[in-house]
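Reviewing the structure listed below.
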Amino acid sequence: MALRTVLAVLGLSSLGLGLASPANELQRPDSWHDPPALMARWLVHAADWGTVSTIASDDGNKTRTVGFPFGKIVTCTDGWGKEDLSTGRPIVALTDFMGTVKDLEAGDFKASITFSEKEVPGLSLWQSILTMGLCQCCVRWPGWKGGKCNFGEDSAAQWPMCAHVTLQGHLKKIANATEVELANQALVKKNPAAASWITGKGLHKFQPWRFEVLSIYLIEHFGGAPFIPVDKYLSADLSALRANRVPLHDSIIVDNAGARVH
């Protein structure tokens, strides 16, 4: 029985197949039809953590190798203010105790930040049952059957249809007091469990840092990463992903090489 038929039997067909994160109530973009810029913006907004990579500037008491890439898991949002309004510019919580901050200050604030669809939180109970814990892409991909993606592939984070994006640019501390407050509001909105330390009141005095995007590397499909101009990325309209959008057409079919047939 087709998944859409199962949804109809359960009275869930009106919800479509787009999975929404509670943080933004937006459906996942359609890898077949929506522009790559929209996918990149959705993924950056839906994630509540990512990996910031820098070049190690010290050995961190013999825990790092100087001159080599160093990745740090960070709490983040791309939001602004209490409503966590998406901007496309990730904001992360860092403290001066981190080697990452030393790297940024020593390296002209150059960094990258990576997000995977595998980490997007917030599947509802029925979505979790339908996806059986798989990456959200598997439900959206035509041909999804029996808990596996096409060709019998399980949902691995590196699977091309499981979207992942890396932004390159500069990561700088927010200095303006008003902007610090707005950034902290968004961080707490997205990450309420971190509210006690994320606002800079604890021993480590975390502060918000904002990522200024210079390039976007997105994989959401087979065929490599498309060129996404930064202005197109920043202007992508997430309101197009509200929950009442039209779901995928059933007529899309892929062949055994992953190519779209019609």
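Going through the structure tokens in order, the chains are called A, B, and so on, while each chain numbers its residues from 1 and the ligands are numbered from 1 in the order shown.
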
- Task: Fewer than 2 positions away in the same chain doesn't count, so skip those; otherwise give me all residues within 9 Å of Glu220 of chain A, counting only C-alpha atoms, as a PyMOL selection string.
- Result: chain A and resi 31+36+39-40+137+159-165+218+222+224-225

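Residues surrounding Leu182 of chain A within 9 Å are Gly79, Trp80, Gly81, Lys82, Asp84, Ala177, Thr178, Ala186 and Leu187 of chain A [only C-alpha atoms; sequence separation below 4 positions excluded].
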
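The shortest atom-to-atom distance to Ala157 of chain A, with only C-alpha atoms taken into account, belongs to A:Ser116 out of A:Ser215, A:Thr75, A:Thr65, A:Ser116.
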
- Work out how far atom CA of Ala194 of chain A is from atom CA of Asn176 of chain A, in Å to one decimal. 21.9 Å
